[in-house]
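As provided, target_29.tsv (TSV, C-alpha atoms) reads as follows.
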```
chain	number	residue	atom	x	y	z
A	1	MET	CA	0.00	0.00	0.00
A	2	GLU	CA	2.96	2.30	0.50
A	3	LYS	CA	4.34	1.81	-3.01
A	4	PRO	CA	1.61	3.75	-4.89
A	5	GLN	CA	2.00	6.62	-2.45
A	6	MET	CA	5.76	6.63	-2.99
A	7	ASP	CA	5.24	6.58	-6.76
A	8	ASN	CA	2.92	9.54	-6.50
A	9	ASN	CA	5.47	11.43	-4.42
A	10	ASN	CA	8.19	10.60	-6.96
A	11	LYS	CA	5.97	11.81	-9.80
A	12	LYS	CA	5.26	15.05	-7.96
A	13	THR	CA	8.95	15.54	-7.26
A	14	MET	CA	9.85	14.89	-10.90
A	15	SER	CA	7.06	17.20	-12.04
A	16	ASN	CA	8.31	19.97	-9.76
A	17	LYS	CA	11.84	19.48	-11.06
A	18	ASN	CA	10.63	19.65	-14.64
A	19	ILE	CA	8.78	22.86	-13.89
A	20	GLU	CA	11.89	24.34	-12.25
A	21	ILE	CA	13.99	23.34	-15.26
A	22	GLU	CA	11.49	24.86	-17.67
A	23	LEU	CA	11.33	28.06	-15.63
A	24	GLY	CA	15.11	28.23	-15.55
A	25	GLN	CA	15.32	27.70	-19.29
A	26	ASN	CA	12.69	30.37	-19.87
A	27	GLU	CA	14.57	32.83	-17.66
A	28	GLU	CA	17.81	32.09	-19.49
A	29	ALA	CA	16.05	32.57	-22.82
A	30	LEU	CA	14.60	35.88	-21.66
A	31	VAL	CA	18.01	37.08	-20.44
A	32	GLU	CA	19.62	35.99	-23.71
A	33	ALA	CA	16.91	37.71	-25.73
A	34	GLU	CA	17.33	40.90	-23.69
A	35	ASP	CA	21.10	40.82	-24.15
A	36	TYR	CA	20.68	40.26	-27.89
A	37	SER	CA	18.18	43.09	-28.07
A	38	LYS	CA	20.56	45.51	-26.35
A	39	ARG	CA	23.48	44.34	-28.47
A	40	ALA	CA	21.43	44.64	-31.65
A	41	GLN	CA	20.41	48.19	-30.73
A	42	TRP	CA	24.04	49.22	-30.22
A	43	LEU	CA	25.16	47.54	-33.44
A	44	ARG	CA	22.31	49.05	-35.40
A	45	ALA	CA	23.12	52.51	-34.01
A	46	ALA	CA	26.77	51.99	-34.98
A	47	VAL	CA	25.81	50.95	-38.52
A	48	LEU	CA	23.46	53.91	-38.91
A	49	GLY	CA	26.10	56.29	-37.52
A	50	ALA	CA	28.69	54.97	-39.96
A	51	ASN	CA	26.20	55.25	-42.81
A	52	ASP	CA	25.46	58.85	-41.81
A	53	GLY	CA	29.16	59.72	-41.75
A	54	LEU	CA	29.69	58.03	-45.09
A	55	LEU	CA	26.82	59.71	-46.92
A	56	SER	CA	27.04	63.20	-45.43
A	57	THR	CA	30.80	63.48	-45.97
A	58	ALA	CA	30.62	62.03	-49.48
A	59	SER	CA	27.78	64.39	-50.44
A	60	LEU	CA	29.73	67.33	-49.04
A	61	MET	CA	32.80	66.35	-51.02
A	62	MET	CA	30.77	65.84	-54.19
A	63	GLY	CA	29.19	69.26	-53.68
A	64	ILE	CA	32.49	71.05	-53.39
A	65	GLY	CA	33.83	68.95	-56.24
A	66	ALA	CA	31.07	70.32	-58.45
A	67	VAL	CA	32.59	73.82	-58.33
A	68	ARG	CA	36.24	73.17	-57.47
A	69	ARG	CA	38.63	70.75	-59.15
A	70	ASP	CA	41.41	71.13	-56.57
A	71	ALA	CA	41.97	67.90	-54.64
A	72	LYS	CA	43.17	69.72	-51.52
A	73	ILE	CA	39.96	71.72	-51.25
A	74	MET	CA	37.86	68.58	-51.58
A	75	LEU	CA	39.91	66.73	-48.96
A	76	LEU	CA	39.86	69.67	-46.55
A	77	THR	CA	36.11	69.96	-46.99
A	78	GLY	CA	35.69	66.25	-46.29
A	79	ALA	CA	37.97	66.45	-43.25
A	80	ALA	CA	36.01	69.41	-41.89
A	81	GLY	CA	32.78	67.50	-42.45
A	82	LEU	CA	34.21	64.48	-40.62
A	83	VAL	CA	35.26	66.49	-37.56
A	84	ALA	CA	32.08	68.56	-37.43
A	85	GLY	CA	29.84	65.56	-37.97
A	86	ALA	CA	31.61	63.39	-35.38
A	87	CYS	CA	31.40	66.17	-32.79
A	88	SER	CA	27.74	66.77	-33.59
A	89	MET	CA	26.92	63.07	-33.33
A	90	ALA	CA	28.81	62.72	-30.05
A	91	ILE	CA	27.20	65.75	-28.41
A	92	GLY	CA	23.73	64.82	-29.65
A	93	GLU	CA	24.06	61.23	-28.42
A	94	PHE	CA	25.50	62.39	-25.08
A	95	VAL	CA	22.57	64.74	-24.44
A	96	SER	CA	20.02	62.17	-25.59
A	97	VAL	CA	21.38	59.28	-23.50
A	98	TYR	CA	21.89	61.55	-20.48
A	99	SER	CA	18.20	62.48	-20.67
A	100	GLN	CA	17.33	58.78	-20.81
A	101	LEU	CA	19.60	58.15	-17.81
A	102	ASP	CA	17.87	60.89	-15.79
A	103	ILE	CA	14.47	59.38	-16.60
A	104	GLU	CA	15.54	55.88	-15.55
A	105	VAL	CA	17.14	57.10	-12.31
A	106	ALA	CA	14.02	59.09	-11.45
A	107	GLN	CA	11.87	56.03	-12.15
A	108	MET	CA	14.08	53.91	-9.89
A	109	LYS	CA	13.67	56.43	-7.07
A	110	ARG	CA	9.89	56.49	-7.51
A	111	GLU	CA	9.68	52.71	-7.41
A	112	LYS	CA	12.22	52.57	-4.57
A	113	ARG	CA	14.15	49.76	-6.18
A	114	GLY	CA	17.82	49.19	-6.80
A	115	ARG	CA	19.49	48.54	-10.08
A	116	GLU	CA	23.04	47.61	-10.92
A	117	GLU	CA	25.03	50.51	-12.26
A	118	ARG	CA	26.29	48.55	-15.25
A	119	ASN	CA	22.75	48.20	-16.57
A	120	LEU	CA	22.26	51.94	-16.76
A	121	PRO	CA	22.97	53.68	-20.08
A	122	SER	CA	26.34	55.40	-20.35
A	123	PRO	CA	26.26	58.82	-22.05
A	124	VAL	CA	30.04	58.86	-22.49
A	125	GLN	CA	30.07	55.41	-24.05
A	126	ALA	CA	27.21	56.28	-26.37
A	127	ALA	CA	28.89	59.54	-27.43
A	128	GLY	CA	32.19	57.78	-28.11
A	129	ALA	CA	30.53	54.99	-30.10
A	130	SER	CA	28.57	57.47	-32.24
A	131	ALA	CA	31.64	59.59	-32.96
A	132	ALA	CA	33.72	56.52	-33.79
A	133	ALA	CA	31.06	55.08	-36.11
A	134	PHE	CA	30.64	58.41	-37.90
A	135	THR	CA	34.41	58.71	-38.31
A	136	VAL	CA	34.68	55.23	-39.81
A	137	GLY	CA	31.99	56.01	-42.37
A	138	ALA	CA	33.39	59.44	-43.21
A	139	GLY	CA	36.85	57.98	-43.72
A	140	VAL	CA	35.72	55.96	-46.77
A	141	PRO	CA	35.26	58.86	-49.24
A	142	LEU	CA	38.29	60.66	-47.83
A	143	LEU	CA	40.54	57.66	-48.45
A	144	ALA	CA	39.06	57.15	-51.91
A	145	ALA	CA	39.74	60.76	-52.89
A	146	ALA	CA	43.20	60.92	-51.34
A	147	PHE	CA	44.81	58.59	-53.90
A	148	ALA	CA	43.26	60.03	-57.07
A	149	ARG	CA	44.95	63.03	-58.70
A	150	ASP	CA	42.75	63.38	-61.77
A	151	TYR	CA	39.51	65.27	-61.17
A	152	ARG	CA	37.18	62.83	-62.93
A	153	VAL	CA	38.94	59.80	-61.51
A	154	ARG	CA	38.66	61.31	-58.04
A	155	LEU	CA	34.91	61.83	-58.33
A	156	GLY	CA	34.47	58.33	-59.75
A	157	ALA	CA	36.56	56.81	-56.96
A	158	VAL	CA	34.45	58.55	-54.31
A	159	VAL	CA	31.19	57.36	-55.89
A	160	ALA	CA	32.50	53.81	-56.32
A	161	ALA	CA	33.87	53.51	-52.77
A	162	VAL	CA	30.75	55.02	-51.24
A	163	SER	CA	28.51	52.71	-53.29
A	164	VAL	CA	30.32	49.60	-52.03
A	165	ALA	CA	30.19	50.87	-48.45
A	166	LEU	CA	26.48	51.75	-48.74
A	167	ILE	CA	25.70	48.21	-49.87
A	168	GLY	CA	27.68	46.83	-46.94
A	169	PHE	CA	26.03	49.08	-44.36
A	170	GLY	CA	22.58	48.45	-45.80
A	171	TRP	CA	23.16	44.71	-45.73
A	172	ALA	CA	24.43	44.84	-42.13
A	173	ALA	CA	21.47	46.94	-40.94
A	174	ALA	CA	19.05	44.51	-42.60
A	175	ALA	CA	20.77	41.52	-41.02
A	176	LEU	CA	20.52	43.09	-37.57
A	177	GLY	CA	16.86	43.86	-38.11
A	178	ARG	CA	16.24	40.47	-39.78
A	179	ALA	CA	14.89	42.18	-42.90
A	180	PRO	CA	15.46	41.18	-46.56
A	181	PRO	CA	19.13	42.19	-47.10
A	182	VAL	CA	19.09	42.66	-50.88
A	183	ARG	CA	16.12	45.01	-50.88
A	184	ALA	CA	17.49	46.99	-47.92
A	185	ALA	CA	20.95	47.28	-49.48
A	186	MET	CA	19.53	48.50	-52.78
A	187	ARG	CA	17.31	51.01	-50.98
A	188	VAL	CA	20.29	52.45	-49.11
A	189	LEU	CA	22.39	52.48	-52.29
A	190	VAL	CA	19.77	54.32	-54.36
A	191	GLY	CA	19.15	56.77	-51.52
A	192	GLY	CA	22.87	57.49	-51.34
A	193	TRP	CA	23.09	58.08	-55.08
A	194	VAL	CA	20.14	60.45	-54.93
A	195	ALA	CA	21.68	62.41	-52.04
A	196	MET	CA	25.05	62.75	-53.77
A	197	GLY	CA	23.44	63.58	-57.09
A	198	ILE	CA	21.21	66.29	-55.63
A	199	THR	CA	24.11	67.84	-53.71
A	200	PHE	CA	26.37	67.80	-56.77
A	201	GLY	CA	23.68	69.19	-59.08
A	202	LEU	CA	22.42	71.96	-56.80
A	203	THR	CA	25.93	73.09	-55.88
A	204	LYS	CA	26.86	73.12	-59.56
A	205	LEU	CA	23.79	75.24	-60.29
A	206	ILE	CA	24.47	77.63	-57.42
A	207	GLY	CA	28.12	77.97	-58.50
A	208	TYR	CA	27.10	78.64	-62.10
A	209	THR	CA	24.44	81.26	-61.26
A	210	SER	CA	26.63	83.04	-58.72
A	211	GLY	CA	29.74	82.98	-60.88
A	212	ILE	CA	31.81	80.96	-58.41
```

I'd like the structure from this file rewritten - as structure tokens, please.
Amino acid sequence: MEKPQMDNNNKKTMSNKNIEIELGQNEEALVEAEDYSKRAQWLRAAVLGANDGLLSTASLMMGIGAVRRDAKIMLLTGAAGLVAGACSMAIGEFVSVYSQLDIEVAQMKREKRGREERNLPSPVQAAGASAAAFTVGAGVPLLAAAFARDYRVRLGAVVAAVSVALIGFGWAAAALGRAPPVRAAMRVLVGGWVAMGITFGLTKLIGYTSGI
């Protein structure tokens, strides 16, 4: 008569263990998903920052190249765009993340709960990452233009290098967001061509009408 009772107890114990294992696995999955989500956000921000540096600097260089054939002027313009853009990105990200930090700290105080400091957003880290990503992207057209002496070759090298980089950044952003990579890469590429074309054309027109 004791054996059925022991079997029932064993079944309950095994059932409880299975539930604990499942709960543990679910918690691990949630932690892993949260870590992936945070990592994906940082990577996506880095890709977008690099894409911004790439496109804005290239468009600026194409614009000045529309009215000036001198390589030094184009390179100086690109370098100025790199420094200004990196500083702007860093300051903007610092202010934005600091505002987020203030909100989270205030929420923690209202809920009277503790939170590990490493889980809080870092304004300095965010600013540094944004500036670094922008610099990497902006360096592509600068390097492409630095080794071309001929005016037409220099413009072609910038467009070619930027096109390859745009495809890469578009593909990476799509992979992080689990979107169709080919469509996303082509969308980024066409958008970059449009931006560079508009900047080149309008600057050429302004230079022509103003006699520059």

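Using all atoms listed in the file, the residues found no farther than 12 Å from Gly81 (chain A), other than those of its own chain fewer than 5 positions away, are Asp52, Gly53, Leu54, Leu55, Ser56, Thr57, Ala58, Ser59, Leu60, Met61, Gly63, Ile64, Met74, Leu75, Leu76, Ala86, Cys87, Ser88, Met89, Phe134, Thr135, Gly137, Ala138, Gly139, Pro141 and Leu142 of chain A.
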
Please report, as JSON lines, each residue of region 45-101 of chain A lying at most 10 Å from region 149-155 of chain A, together with the nearest pair of atoms and the separation in Å rounded to one decimal; use all atoms listed in the file, and order rows by chain and ascending residue number.
```
{"residue": "A:Ala58", "atom": "CA", "partner": "A:Leu155", "partner_atom": "CA", "distance": 9.8}
{"residue": "A:Met61", "atom": "CA", "partner": "A:Leu155", "partner_atom": "CA", "distance": 8.8}
{"residue": "A:Met62", "atom": "CA", "partner": "A:Leu155", "partner_atom": "CA", "distance": 7.1}
{"residue": "A:Gly65", "atom": "CA", "partner": "A:Leu155", "partner_atom": "CA", "distance": 7.5}
{"residue": "A:Ala66", "atom": "CA", "partner": "A:Leu155", "partner_atom": "CA", "distance": 9.3}
{"residue": "A:Arg68", "atom": "CA", "partner": "A:Tyr151", "partner_atom": "CA", "distance": 9.3}
{"residue": "A:Arg69", "atom": "CA", "partner": "A:Tyr151", "partner_atom": "CA", "distance": 5.9}
{"residue": "A:Asp70", "atom": "CA", "partner": "A:Tyr151", "partner_atom": "CA", "distance": 7.7}
{"residue": "A:Ala71", "atom": "CA", "partner": "A:Arg149", "partner_atom": "CA", "distance": 7.0}
{"residue": "A:Lys72", "atom": "CA", "partner": "A:Arg149", "partner_atom": "CA", "distance": 10.0}
{"residue": "A:Met74", "atom": "CA", "partner": "A:Arg154", "partner_atom": "CA", "distance": 9.8}
```

Polymer residues at most 10 Å from Gln125 (chain A), all atoms listed in the file, same-chain spacing of 3 or more positions, as a VMD selection string: chain A and resid 90 93 to 94 97 121 to 122 128 to 131

Val164 (chain A) environment, 12 Å, all atoms listed in the file, sequence neighbours closer than 4 positions dropped, as a PyMOL selection string: chain A and resi 51+54-55+137+140-141+144+157-160+168-171+185-186+188-190+192-193

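Straight-line separation from CA of Ala195 (chain A) to CA of Ala165 (chain A): 14.8 Å.
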
Point-to-point distance from CA of Ala161 (chain A) to CA of Ala179 (chain A), Å rounded to tenths: 24.2 Å

Distance in Å - CA of Val124 (chain A) versus CA of Tyr98 (chain A): 8.8 Å

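Ranking A:Ile167, A:Ala175, A:Leu205, A:Val95 by their shortest atom-to-atom distance to Gly191 (chain A), with all atoms listed in the file included, puts A:Ile167 first.
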